[in-house]
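J.: Structure: work06.json, JSON, C-alpha atoms.
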```json
[["chain", "number", "residue", "atom", "x", "y", "z"],
["N", 1, "MET", "CA", 110.55, 108.54, 80.77],
["N", 2, "LYS", "CA", 111.76, 107.45, 84.20],
["N", 3, "HIS", "CA", 111.11, 103.80, 85.00],
["N", 4, "SER", "CA", 109.75, 102.52, 88.30],
["N", 5, "PRO", "CA", 112.35, 100.27, 89.92],
["N", 6, "VAL", "CA", 109.95, 97.32, 89.65],
["N", 7, "THR", "CA", 107.09, 96.96, 87.13],
["N", 8, "LEU", "CA", 104.72, 94.01, 86.79],
["N", 9, "HIS", "CA", 102.48, 93.68, 83.75],
["N", 10, "ASN", "CA", 99.89, 90.90, 83.43],
["N", 11, "LEU", "CA", 102.14, 88.76, 85.62],
["N", 12, "THR", "CA", 101.22, 85.16, 86.38],
["N", 13, "THR", "CA", 102.87, 83.38, 89.31],
["N", 14, "GLY", "CA", 102.94, 79.73, 90.26],
["N", 15, "TYR", "CA", 104.90, 76.54, 89.82],
["N", 16, "HIS", "CA", 105.76, 73.97, 87.23],
["N", 17, "GLY", "CA", 104.69, 70.60, 88.58],
["N", 18, "LYS", "CA", 105.40, 67.12, 87.34],
["N", 19, "GLY", "CA", 105.53, 66.69, 83.60],
["N", 20, "ASP", "CA", 103.56, 69.41, 81.86],
["N", 21, "GLU", "CA", 101.54, 70.33, 84.95],
["N", 22, "THR", "CA", 101.38, 74.05, 85.74],
["N", 23, "ILE", "CA", 100.04, 75.28, 89.06],
["N", 24, "THR", "CA", 98.88, 78.90, 88.83],
["N", 25, "ILE", "CA", 98.72, 80.88, 92.07],
["N", 26, "THR", "CA", 97.93, 84.43, 90.87],
["N", 27, "SER", "CA", 97.41, 85.93, 87.42],
["N", 28, "GLY", "CA", 96.84, 89.24, 85.68],
["N", 29, "ILE", "CA", 98.92, 91.27, 88.14],
["N", 30, "ASP", "CA", 99.66, 94.85, 87.10],
["N", 31, "ALA", "CA", 101.60, 96.93, 89.61],
["N", 32, "SER", "CA", 104.73, 98.97, 90.15],
["N", 33, "LEU", "CA", 106.98, 99.85, 93.07],
["N", 34, "PRO", "CA", 108.00, 103.52, 93.19],
["N", 35, "ALA", "CA", 111.41, 104.57, 94.38],
["N", 36, "GLY", "CA", 111.65, 106.04, 97.86],
["N", 37, "CYS", "CA", 108.60, 104.16, 99.15],
["N", 38, "MET", "CA", 108.02, 101.25, 101.52],
["N", 39, "THR", "CA", 105.26, 99.01, 100.21],
["N", 40, "ALA", "CA", 103.62, 96.33, 102.36],
["N", 41, "LEU", "CA", 102.24, 93.21, 100.68],
["N", 42, "LEU", "CA", 99.18, 92.02, 102.59],
["N", 43, "GLY", "CA", 96.75, 89.19, 102.14],
["N", 44, "PRO", "CA", 95.22, 86.14, 103.83],
["N", 45, "ASN", "CA", 97.10, 82.87, 104.18],
["N", 46, "GLY", "CA", 97.33, 81.11, 100.84],
["N", 47, "ALA", "CA", 96.93, 84.32, 98.83],
["N", 48, "GLY", "CA", 100.31, 83.80, 97.12],
["N", 49, "LYS", "CA", 102.39, 86.48, 98.84],
["N", 50, "SER", "CA", 105.53, 84.35, 99.20],
["N", 51, "THR", "CA", 105.16, 83.04, 95.65],
["N", 52, "LEU", "CA", 104.88, 86.58, 94.34],
["N", 53, "ILE", "CA", 108.01, 87.73, 96.19],
["N", 54, "LYS", "CA", 109.96, 84.66, 95.03],
["N", 55, "THR", "CA", 108.86, 85.39, 91.45],
["N", 56, "ILE", "CA", 109.70, 89.08, 91.33],
["N", 57, "SER", "CA", 113.04, 88.44, 93.05],
["N", 58, "GLY", "CA", 114.09, 85.89, 90.43],
["N", 59, "ASN", "CA", 113.81, 82.83, 92.67],
["N", 60, "LEU", "CA", 110.87, 81.47, 90.66],
["N", 61, "PRO", "CA", 110.27, 82.00, 86.92],
["N", 62, "PRO", "CA", 107.10, 83.90, 85.96],
["N", 63, "LEU", "CA", 104.47, 81.72, 84.32],
["N", 64, "GLY", "CA", 103.37, 84.61, 82.13],
["N", 65, "GLY", "CA", 103.44, 88.35, 81.63],
["N", 66, "SER", "CA", 106.42, 90.63, 82.08],
["N", 67, "LEU", "CA", 108.55, 91.70, 85.03],
["N", 68, "GLU", "CA", 110.96, 94.60, 84.78],
["N", 69, "ILE", "CA", 113.66, 95.47, 87.29],
["N", 70, "MET", "CA", 115.14, 98.96, 86.81],
["N", 71, "GLY", "CA", 113.53, 99.14, 83.37],
["N", 72, "LYS", "CA", 114.94, 95.83, 82.14],
["N", 73, "GLU", "CA", 113.27, 92.41, 81.85],
["N", 74, "ILE", "CA", 114.37, 90.19, 84.70],
["N", 75, "THR", "CA", 115.15, 87.39, 82.23],
["N", 76, "ASP", "CA", 117.83, 89.61, 80.65],
["N", 77, "TYR", "CA", 119.83, 89.74, 83.89],
["N", 78, "THR", "CA", 122.58, 87.36, 84.87],
["N", 79, "PRO", "CA", 122.33, 86.29, 88.54],
["N", 80, "ALA", "CA", 125.47, 88.32, 89.33],
["N", 81, "ARG", "CA", 124.10, 91.47, 87.74],
["N", 82, "LEU", "CA", 120.67, 91.04, 89.32],
["N", 83, "SER", "CA", 122.26, 90.77, 92.76],
["N", 84, "ARG", "CA", 123.47, 94.36, 92.34],
["N", 85, "GLU", "CA", 119.95, 95.59, 91.67],
["N", 86, "LEU", "CA", 117.91, 93.75, 94.26],
["N", 87, "SER", "CA", 118.42, 91.97, 97.56],
["N", 88, "VAL", "CA", 115.97, 89.58, 99.14],
["N", 89, "VAL", "CA", 115.22, 88.11, 102.57],
["N", 90, "LEU", "CA", 113.09, 84.98, 102.33],
["N", 91, "THR", "CA", 111.58, 82.85, 105.08],
["N", 92, "GLU", "CA", 113.90, 79.88, 104.48],
["N", 93, "ARG", "CA", 116.15, 79.27, 107.47],
["N", 94, "PHE", "CA", 119.86, 79.98, 106.90],
["N", 95, "GLU", "CA", 121.84, 77.04, 108.27],
["N", 96, "SER", "CA", 125.42, 77.56, 109.37],
["N", 97, "THR", "CA", 127.40, 76.10, 112.23],
["N", 98, "HIS", "CA", 130.48, 78.28, 111.95],
["N", 99, "LEU", "CA", 129.73, 81.69, 110.42],
["N", 100, "THR", "CA", 129.59, 84.64, 112.78],
["N", 101, "VAL", "CA", 126.94, 87.32, 112.40],
["N", 102, "ARG", "CA", 129.59, 89.64, 110.95],
["N", 103, "ASP", "CA", 130.56, 86.91, 108.42],
["N", 104, "LEU", "CA", 126.91, 86.45, 107.46],
["N", 105, "VAL", "CA", 126.32, 90.17, 106.97],
["N", 106, "GLY", "CA", 129.58, 90.31, 105.00],
["N", 107, "LEU", "CA", 128.08, 87.88, 102.47],
["N", 108, "GLY", "CA", 125.95, 90.80, 101.37],
["N", 109, "ARG", "CA", 129.07, 92.25, 99.78],
["N", 110, "SER", "CA", 129.55, 89.17, 97.55],
["N", 111, "PRO", "CA", 128.27, 90.87, 94.37],
["N", 112, "TYR", "CA", 131.16, 93.34, 94.65],
["N", 113, "THR", "CA", 134.07, 91.37, 96.07],
["N", 114, "GLY", "CA", 135.02, 89.19, 93.14],
["N", 115, "PHE", "CA", 136.05, 85.53, 93.09],
["N", 116, "PHE", "CA", 138.02, 85.48, 96.36],
["N", 117, "GLY", "CA", 135.41, 87.37, 98.36],
["N", 118, "ARG", "CA", 137.89, 89.57, 100.21],
["N", 119, "LEU", "CA", 136.32, 92.59, 101.86],
["N", 120, "SER", "CA", 137.96, 95.96, 101.38],
["N", 121, "GLU", "CA", 138.03, 98.68, 104.01],
["N", 122, "SER", "CA", 134.98, 100.20, 102.34],
["N", 123, "ASP", "CA", 133.19, 96.81, 102.42],
["N", 124, "HIS", "CA", 133.89, 96.45, 106.14],
["N", 125, "ALA", "CA", 132.46, 99.94, 106.73],
["N", 126, "THR", "CA", 129.32, 98.97, 104.82],
["N", 127, "VAL", "CA", 128.95, 95.81, 106.92],
["N", 128, "ASP", "CA", 129.41, 97.80, 110.13],
["N", 129, "ARG", "CA", 126.75, 100.26, 109.06],
["N", 130, "ALA", "CA", 124.26, 97.50, 108.24],
["N", 131, "ILE", "CA", 124.87, 95.86, 111.62],
["N", 132, "SER", "CA", 124.39, 99.21, 113.34],
["N", 133, "LEU", "CA", 121.21, 100.05, 111.43],
["N", 134, "VAL", "CA", 119.54, 96.80, 112.49],
["N", 135, "GLY", "CA", 120.82, 97.12, 116.05],
["N", 136, "ILE", "CA", 122.75, 93.85, 116.34],
["N", 137, "GLY", "CA", 126.21, 95.17, 117.25],
["N", 138, "SER", "CA", 126.24, 93.04, 120.40],
["N", 139, "LEU", "CA", 125.70, 89.91, 118.26],
["N", 140, "ALA", "CA", 128.44, 90.56, 115.70],
["N", 141, "SER", "CA", 130.89, 87.96, 117.07],
["N", 142, "ARG", "CA", 128.24, 85.32, 117.82],
["N", 143, "THR", "CA", 127.92, 82.32, 115.53],
["N", 144, "VAL", "CA", 124.68, 82.20, 113.58],
["N", 145, "SER", "CA", 123.80, 78.78, 115.02],
["N", 146, "THR", "CA", 123.54, 80.28, 118.53],
["N", 147, "LEU", "CA", 121.00, 82.94, 117.58],
["N", 148, "SER", "CA", 117.30, 82.96, 118.38],
["N", 149, "ASP", "CA", 114.89, 83.10, 115.45],
["N", 150, "GLY", "CA", 114.41, 86.83, 115.95],
["N", 151, "GLU", "CA", 118.16, 87.52, 116.13],
["N", 152, "ARG", "CA", 118.76, 85.40, 113.05],
["N", 153, "GLN", "CA", 116.08, 87.33, 111.18],
["N", 154, "LYS", "CA", 117.74, 90.64, 112.04],
["N", 155, "ALA", "CA", 121.09, 89.30, 110.82],
["N", 156, "MET", "CA", 119.52, 88.30, 107.50],
["N", 157, "ILE", "CA", 118.02, 91.78, 107.12],
["N", 158, "ALA", "CA", 121.44, 93.30, 107.86],
["N", 159, "ARG", "CA", 122.94, 91.11, 105.13],
["N", 160, "ALA", "CA", 120.39, 92.46, 102.65],
["N", 161, "LEU", "CA", 121.18, 96.04, 103.69],
["N", 162, "ALA", "CA", 124.91, 95.40, 103.25],
["N", 163, "GLN", "CA", 124.19, 94.39, 99.67],
["N", 164, "GLN", "CA", 123.35, 98.05, 98.96],
["N", 165, "THR", "CA", 120.80, 97.48, 96.22],
["N", 166, "PRO", "CA", 118.19, 100.01, 95.08],
["N", 167, "VAL", "CA", 115.44, 97.38, 95.53],
["N", 168, "ILE", "CA", 114.87, 95.24, 98.64],
["N", 169, "PHE", "CA", 112.31, 92.43, 98.94],
["N", 170, "LEU", "CA", 111.52, 90.88, 102.32],
["N", 171, "ASP", "CA", 109.14, 87.99, 103.00],
["N", 172, "GLU", "CA", 107.74, 88.24, 106.55],
["N", 173, "PRO", "CA", 110.81, 90.08, 107.91],
["N", 174, "THR", "CA", 109.20, 90.77, 111.30],
["N", 175, "ALA", "CA", 107.67, 87.33, 111.87],
["N", 176, "PHE", "CA", 109.96, 86.35, 114.77],
["N", 177, "LEU", "CA", 110.36, 89.76, 116.38],
["N", 178, "ASP", "CA", 108.66, 91.22, 119.43],
["N", 179, "TYR", "CA", 106.48, 94.28, 118.92],
["N", 180, "PRO", "CA", 109.17, 96.93, 119.54],
["N", 181, "GLY", "CA", 111.50, 94.95, 117.27],
["N", 182, "LYS", "CA", 108.91, 94.92, 114.49],
["N", 183, "VAL", "CA", 108.54, 98.69, 114.70],
["N", 184, "ASP", "CA", 112.32, 99.22, 114.78],
["N", 185, "ILE", "CA", 112.91, 97.17, 111.62],
["N", 186, "MET", "CA", 110.09, 98.83, 109.72],
["N", 187, "MET", "CA", 111.36, 102.27, 110.74],
["N", 188, "VAL", "CA", 114.86, 101.36, 109.50],
["N", 189, "LEU", "CA", 113.37, 100.37, 106.15],
["N", 190, "ARG", "CA", 111.34, 103.58, 106.01],
["N", 191, "ARG", "CA", 114.46, 105.67, 106.61],
["N", 192, "LEU", "CA", 116.32, 103.86, 103.83],
["N", 193, "CYS", "CA", 113.47, 104.68, 101.48],
["N", 194, "ARG", "CA", 113.35, 108.33, 102.52],
["N", 195, "GLU", "CA", 117.07, 109.03, 102.80],
["N", 196, "GLU", "CA", 118.49, 106.78, 100.08],
["N", 197, "GLY", "CA", 115.58, 106.48, 97.66],
["N", 198, "LYS", "CA", 115.32, 102.70, 97.96],
["N", 199, "SER", "CA", 112.26, 100.75, 96.89],
["N", 200, "VAL", "CA", 111.21, 98.28, 99.60],
["N", 201, "LEU", "CA", 108.54, 95.60, 99.38],
["N", 202, "LEU", "CA", 107.81, 93.51, 102.45],
["N", 203, "SER", "CA", 105.11, 90.93, 103.04],
["N", 204, "THR", "CA", 103.63, 90.87, 106.50],
["N", 205, "HIS", "CA", 100.73, 89.69, 108.63],
["N", 206, "ASP", "CA", 101.19, 92.70, 110.92],
["N", 207, "LEU", "CA", 98.27, 94.47, 109.32],
["N", 208, "GLU", "CA", 97.84, 97.37, 111.73],
["N", 209, "LEU", "CA", 101.58, 98.13, 111.68],
["N", 210, "ALA", "CA", 101.47, 98.16, 107.90],
["N", 211, "LEU", "CA", 98.55, 100.59, 107.97],
["N", 212, "LEU", "CA", 100.56, 102.86, 110.26],
["N", 213, "LEU", "CA", 103.99, 102.71, 108.66],
["N", 214, "ALA", "CA", 103.79, 101.69, 105.00],
["N", 215, "ASP", "CA", 103.64, 104.33, 102.26],
["N", 216, "ARG", "CA", 101.71, 101.99, 99.97],
["N", 217, "LEU", "CA", 99.96, 98.65, 100.19],
["N", 218, "TRP", "CA", 99.64, 95.77, 97.79],
["N", 219, "LEU", "CA", 96.53, 93.79, 98.72],
["N", 220, "LEU", "CA", 96.54, 90.26, 97.31],
["N", 221, "ASN", "CA", 94.08, 87.39, 97.28],
["N", 222, "ARG", "CA", 93.30, 84.52, 94.95],
["N", 223, "THR", "CA", 89.90, 85.95, 93.92],
["N", 224, "ASP", "CA", 90.50, 89.65, 93.28],
["N", 225, "GLY", "CA", 94.19, 89.61, 92.40],
["N", 226, "LEU", "CA", 96.32, 92.56, 93.45],
["N", 227, "ILE", "CA", 95.05, 96.02, 94.39],
["N", 228, "ALA", "CA", 97.57, 98.81, 95.11],
["N", 229, "GLY", "CA", 97.21, 102.15, 96.83],
["N", 230, "THR", "CA", 97.94, 104.17, 99.95],
["N", 231, "PRO", "CA", 96.59, 102.77, 103.22],
["N", 232, "GLU", "CA", 94.21, 105.71, 103.53],
["N", 233, "ASP", "CA", 92.72, 105.32, 100.03],
["N", 234, "LEU", "CA", 92.27, 101.58, 100.54],
["N", 235, "ILE", "CA", 90.60, 102.19, 103.90],
["N", 236, "LEU", "CA", 88.18, 104.74, 102.48],
["N", 237, "ASP", "CA", 87.16, 102.67, 99.45],
["N", 238, "GLY", "CA", 86.44, 99.63, 101.63],
["N", 239, "ARG", "CA", 89.22, 97.41, 100.29],
["N", 240, "ILE", "CA", 90.81, 96.76, 103.70],
["N", 241, "GLU", "CA", 87.45, 95.68, 105.06],
["N", 242, "GLN", "CA", 86.80, 93.55, 101.98],
["N", 243, "TYR", "CA", 90.09, 91.68, 102.22],
["N", 244, "PHE", "CA", 90.36, 91.15, 105.97],
["N", 245, "SER", "CA", 87.06, 91.35, 107.85],
["N", 246, "GLY", "CA", 85.64, 88.08, 109.17],
["N", 247, "ARG", "CA", 82.72, 86.68, 111.12],
["N", 248, "ASN", "CA", 83.97, 88.10, 114.42],
["N", 249, "LEU", "CA", 86.16, 90.86, 113.02],
["N", 250, "ARG", "CA", 85.26, 94.22, 111.52],
["N", 251, "PHE", "CA", 87.23, 97.24, 110.42],
["N", 252, "ASP", "CA", 86.44, 100.52, 112.16],
["N", 253, "HIS", "CA", 86.94, 103.32, 109.63],
["N", 254, "SER", "CA", 86.84, 106.02, 112.29],
["N", 255, "THR", "CA", 89.91, 104.63, 114.08],
["N", 256, "ALA", "CA", 91.52, 102.79, 111.13],
["N", 257, "SER", "CA", 91.76, 99.68, 113.29],
["N", 258, "PHE", "CA", 90.11, 96.29, 113.65],
["N", 259, "LYS", "CA", 87.49, 95.52, 116.26],
["N", 260, "VAL", "CA", 86.40, 92.14, 117.57],
["N", 261, "ASP", "CA", 82.65, 91.63, 117.84],
["N", 262, "PHE", "CA", 81.86, 89.85, 121.09],
["N", 263, "ASP", "CA", 78.55, 88.20, 121.86],
["N", 264, "VAL", "CA", 76.41, 90.72, 123.74],
["N", 265, "ILE", "CA", 74.89, 89.55, 127.03],
["N", 266, "GLY", "CA", 73.82, 92.87, 128.53],
["N", 267, "ASN", "CA", 74.13, 96.63, 128.80],
["N", 268, "LEU", "CA", 75.49, 98.88, 131.55],
["N", 269, "SER", "CA", 75.30, 102.65, 131.94],
["N", 270, "VAL", "CA", 78.67, 104.22, 132.69],
["N", 271, "GLU", "CA", 79.46, 107.66, 134.12],
["N", 272, "GLY", "CA", 83.02, 108.86, 133.57],
["N", 273, "SER", "CA", 85.47, 110.12, 130.98],
["N", 274, "GLY", "CA", 89.13, 109.90, 130.05],
["N", 275, "ALA", "CA", 91.48, 106.94, 129.84],
["N", 276, "ARG", "CA", 90.14, 105.13, 132.92],
["N", 277, "ALA", "CA", 86.59, 105.19, 131.57],
["N", 278, "ALA", "CA", 87.77, 104.09, 128.13],
["N", 279, "MET", "CA", 89.58, 101.10, 129.63],
["N", 280, "VAL", "CA", 86.50, 100.12, 131.63],
["N", 281, "ARG", "CA", 84.37, 100.18, 128.50],
["N", 282, "ARG", "CA", 86.99, 98.11, 126.70],
["N", 283, "ALA", "CA", 87.06, 95.48, 129.47],
["N", 284, "LEU", "CA", 83.27, 95.34, 129.67],
["N", 285, "SER", "CA", 83.03, 94.88, 125.90],
["N", 286, "ARG", "CA", 85.27, 91.83, 126.17],
["N", 287, "GLU", "CA", 82.86, 90.45, 128.79],
["N", 288, "GLY", "CA", 79.92, 90.95, 126.43],
["N", 289, "PHE", "CA", 78.51, 94.22, 127.77],
["N", 290, "THR", "CA", 77.62, 97.22, 125.68],
["N", 291, "THR", "CA", 77.83, 100.54, 127.49],
["N", 292, "THR", "CA", 75.69, 103.66, 127.30],
["N", 293, "PRO", "CA", 76.05, 107.14, 128.81],
["N", 294, "ALA", "CA", 74.85, 107.36, 132.38],
["N", 295, "GLY", "CA", 71.40, 108.57, 133.25],
["N", 296, "ALA", "CA", 70.14, 109.53, 136.68],
["N", 297, "HIS", "CA", 71.20, 106.19, 138.20],
["N", 298, "PRO", "CA", 74.38, 104.90, 136.50],
["N", 299, "ASP", "CA", 75.42, 101.29, 136.95],
["N", 300, "ILE", "CA", 79.09, 102.28, 137.08],
["N", 301, "VAL", "CA", 80.74, 105.52, 138.19],
["N", 302, "ILE", "CA", 84.42, 106.16, 137.42],
["N", 303, "ASN", "CA", 86.49, 108.81, 139.13],
["N", 304, "ASP", "CA", 90.21, 109.43, 139.73],
["N", 305, "GLU", "CA", 90.36, 107.23, 142.83],
["N", 306, "ALA", "CA", 88.08, 104.25, 142.26],
["N", 307, "TYR", "CA", 85.48, 102.38, 140.26],
["N", 308, "ILE", "CA", 81.99, 102.22, 141.75],
["N", 309, "PHE", "CA", 79.54, 99.53, 140.69],
["N", 310, "ARG", "CA", 76.04, 99.89, 142.10],
["N", 311, "GLY", "CA", 77.22, 101.52, 145.27],
["N", 312, "LYS", "CA", 80.28, 99.34, 145.94],
["N", 313, "THR", "CA", 83.83, 100.63, 145.41],
["N", 314, "TYR", "CA", 86.57, 98.70, 143.60],
["N", 315, "ALA", "CA", 90.26, 99.58, 143.32],
["N", 316, "SER", "CA", 90.98, 98.02, 139.94],
["N", 317, "ILE", "CA", 89.27, 97.23, 136.68],
["N", 318, "GLU", "CA", 89.94, 93.55, 137.30],
["N", 319, "SER", "CA", 87.96, 93.60, 140.57],
["N", 320, "LEU", "CA", 85.22, 95.72, 138.99],
["N", 321, "VAL", "CA", 84.76, 93.35, 136.06],
["N", 322, "SER", "CA", 84.79, 90.37, 138.40],
["N", 323, "ALA", "CA", 81.96, 91.95, 140.39],
["N", 324, "VAL", "CA", 79.98, 92.66, 137.23],
["N", 325, "ARG", "CA", 80.46, 89.06, 136.09],
["N", 326, "GLU", "CA", 79.38, 87.63, 139.44],
["N", 327, "SER", "CA", 76.31, 89.89, 139.54],
["N", 328, "GLY", "CA", 74.97, 88.32, 136.38],
["N", 329, "SER", "CA", 74.02, 91.77, 135.09],
["N", 330, "ARG", "CA", 71.91, 91.91, 132.02]]
```
Could you write out this file's structure as structure tokens?
T.:
Amino acid sequence: MKHSPVTLHNLTTGYHGKGDETITITSGIDASLPAGCMTALLGPNGAGKSTLIKTISGNLPPLGGSLEIMGKEITDYTPARLSRELSVVLTERFESTHLTVRDLVGLGRSPYTGFFGRLSESDHATVDRAISLVGIGSLASRTVSTLSDGERQKAMIARALAQQTPVIFLDEPTAFLDYPGKVDIMMVLRRLCREEGKSVLLSTHDLELALLLADRLWLLNRTDGLIAGTPEDLILDGRIEQYFSGRNLRFDHSTASFKVDFDVIGNLSVEGSGARAAMVRRALSREGFTTTPAGAHPDIVINDEAYIFRGKTYASIESLVSAVRESGSR
């Protein structure tokens, strides 16, 4: 029988405190990571996502249960052997005043270079590829200490890719990146799963990106434990809504996205269709107005040239909304 690259059975995570004190964060976790899939670990703050990643990557000992990496208990690995099976990017800041980005990425080859750490021609090619994949070629000669948080994060991801392990764990890998950068990194990880059969687990607070790009989700909280499935199955069975909706936030199943519920102060009838009309309705919702289809005497008419509010013409949505606000419409 073929093993999943990572299997958790009845796993308990947490910390050993002072003396005999044990602090349990999560317990009873049963899950597996399939090969060739990118899995996103999602949950509210304090759910134990970082603790879980540190545990299954060998940085914290499990408090109970079993954890198998490539079909073998993690406790049976030496650190050197484990580093050939999994690579990890944690949130701890890497401090260095002298290493260049290329040097840092080259550290990913340490499991293969022996005692003296000399890179072969093949190692250098692997480092170059990792740098290229993450898109930091222009930073290769920069020292790590001169990088922004986002640039440093990309360099750490490149180091993990240079390690060439079948399993990659990443804790908040997109936290310091702008939106296009987040998408780029997640697409790189997806391609590695598809083209090289890697198993990737990343924790993230970028929920809507995870719903779009992840093959599978692990949903984690302190009450319900861990639930796994595809984004679509977890949307349909209400789990996404259960884990993430709040007093002012609801999940819209029809669009698979979150909506903010604003306090309603009035209603306006709107005549128009297409993107311009959709943006007007969006802006009015933020101001507290529900909108209904126009009757014989619409409050707002939208055409290709302008926005008309009760007989007056406005050139932009900003000026239209300002007029609505000043009118005190109810």
J.: Which residues are near Cys37 in chain N? Cut-off 8 Å, only C-alpha atoms, ignore same chain within fewer than 2 positions. Put them as a short mmCIF file (atom, residue, chain, number, x, y, z; two decimals) with C-alpha atoms, in the frame of the given file.
T.:
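Saved to result_29.cif:
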```
data_model
loop_
_atom_site.label_atom_id
_atom_site.label_comp_id
_atom_site.auth_asym_id
_atom_site.auth_seq_id
_atom_site.Cartn_x
_atom_site.Cartn_y
_atom_site.Cartn_z
CA LEU N 33 106.98 99.85 93.07
CA PRO N 34 108.00 103.52 93.19
CA ALA N 35 111.41 104.57 94.38
CA THR N 39 105.26 99.01 100.21
CA ARG N 190 111.34 103.58 106.01
CA CYS N 193 113.47 104.68 101.48
CA ARG N 194 113.35 108.33 102.52
CA GLY N 197 115.58 106.48 97.66
CA LYS N 198 115.32 102.70 97.96
CA SER N 199 112.26 100.75 96.89
CA VAL N 200 111.21 98.28 99.60
CA ALA N 214 103.79 101.69 105.00
CA ASP N 215 103.64 104.33 102.26
CA ARG N 216 101.71 101.99 99.97
#
```
J.: For range 216-225 of chain N, take all atoms listed in the file, fit an axis-aligned box around them, add 3 Å to each of the six sides, then output centre and edge lengths in Å rounded to one decimal, as AutoDock Vina command-line options.
T.:
```
--center_x 95.8 --center_y 93.3 --center_z 96.3 --size_x 17.8 --size_y 23.5 --size_z 13.8
```
J.: Range 159-168 of chain N: which residues within 8 Å, counting only C-alpha atoms, same-chain residues fewer than 4 positions away excluded, as a ChimeraX atom specification?
T.: /N:5,83-89,104-111,126-127,129-130,155,197-201
J.: When you draw a straight line from CA of Ala210 in chain N to CA of Gly135 in chain N, how long is it in Å?
T.: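 For CA of Ala210 in chain N relative to CA of Gly135 in chain N, the distance reads 21.0 Å.
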J.: Need the shell around Lys259 in chain N: protein/DNA/RNA residues with any atom at most 9 Å away, counting all atoms listed in the file. Skip same-chain ones fewer than 6 positions apart. Format as a list in words?
T.: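 Residues near the query, excluding close chain neighbours: Asn248, Leu249, Arg250, Phe251 and Asp252 of chain N.
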J.: One number please: CA of Leu211 in chain N to CA of Glu195 in chain N, in Å, one decimal.
T.: 21.0 Å
J.: Is there a way to complete range 246-250 of chain N with all heavy atoms and then write that out as a short mmCIF file (atom, residue, chain, number, x, y, z; two decimals), in the coordinates of the input?
T.:
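That gives us result.cif:
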```cif
data_model
loop_
_atom_site.label_atom_id
_atom_site.label_comp_id
_atom_site.auth_asym_id
_atom_site.auth_seq_id
_atom_site.Cartn_x
_atom_site.Cartn_y
_atom_site.Cartn_z
N GLY N 246 86.12 89.45 109.03
CA GLY N 246 85.64 88.08 109.17
C GLY N 246 84.38 88.05 110.01
O GLY N 246 83.79 89.09 110.35
N ARG N 247 83.98 86.85 110.38
CA ARG N 247 82.72 86.68 111.12
C ARG N 247 82.74 87.43 112.44
O ARG N 247 81.74 88.00 112.86
CB ARG N 247 82.46 85.19 111.36
CG ARG N 247 81.11 84.89 111.99
CD ARG N 247 80.83 83.41 111.95
NE ARG N 247 81.81 82.68 112.73
CZ ARG N 247 81.68 82.41 114.04
NH1 ARG N 247 80.62 82.86 114.70
NH2 ARG N 247 82.59 81.73 114.68
N ASN N 248 83.87 87.43 113.12
CA ASN N 248 83.97 88.10 114.42
C ASN N 248 84.85 89.34 114.37
O ASN N 248 85.22 89.87 115.42
CB ASN N 248 84.53 87.12 115.47
CG ASN N 248 83.62 85.94 115.68
OD1 ASN N 248 82.43 86.10 115.92
ND2 ASN N 248 84.18 84.74 115.56
N LEU N 249 85.21 89.77 113.17
CA LEU N 249 86.16 90.86 113.02
C LEU N 249 85.62 91.88 112.04
O LEU N 249 85.13 91.53 110.97
CB LEU N 249 87.50 90.31 112.50
CG LEU N 249 88.68 91.27 112.43
CD1 LEU N 249 89.15 91.63 113.83
CD2 LEU N 249 89.83 90.64 111.65
N ARG N 250 85.70 93.15 112.42
CA ARG N 250 85.26 94.22 111.52
C ARG N 250 86.27 95.36 111.57
O ARG N 250 86.98 95.52 112.55
CB ARG N 250 83.87 94.73 111.89
CG ARG N 250 83.79 95.31 113.29
CD ARG N 250 82.37 95.74 113.65
NE ARG N 250 82.30 96.11 115.06
CZ ARG N 250 82.62 97.33 115.52
NH1 ARG N 250 83.01 98.27 114.68
NH2 ARG N 250 82.53 97.60 116.80
#
```
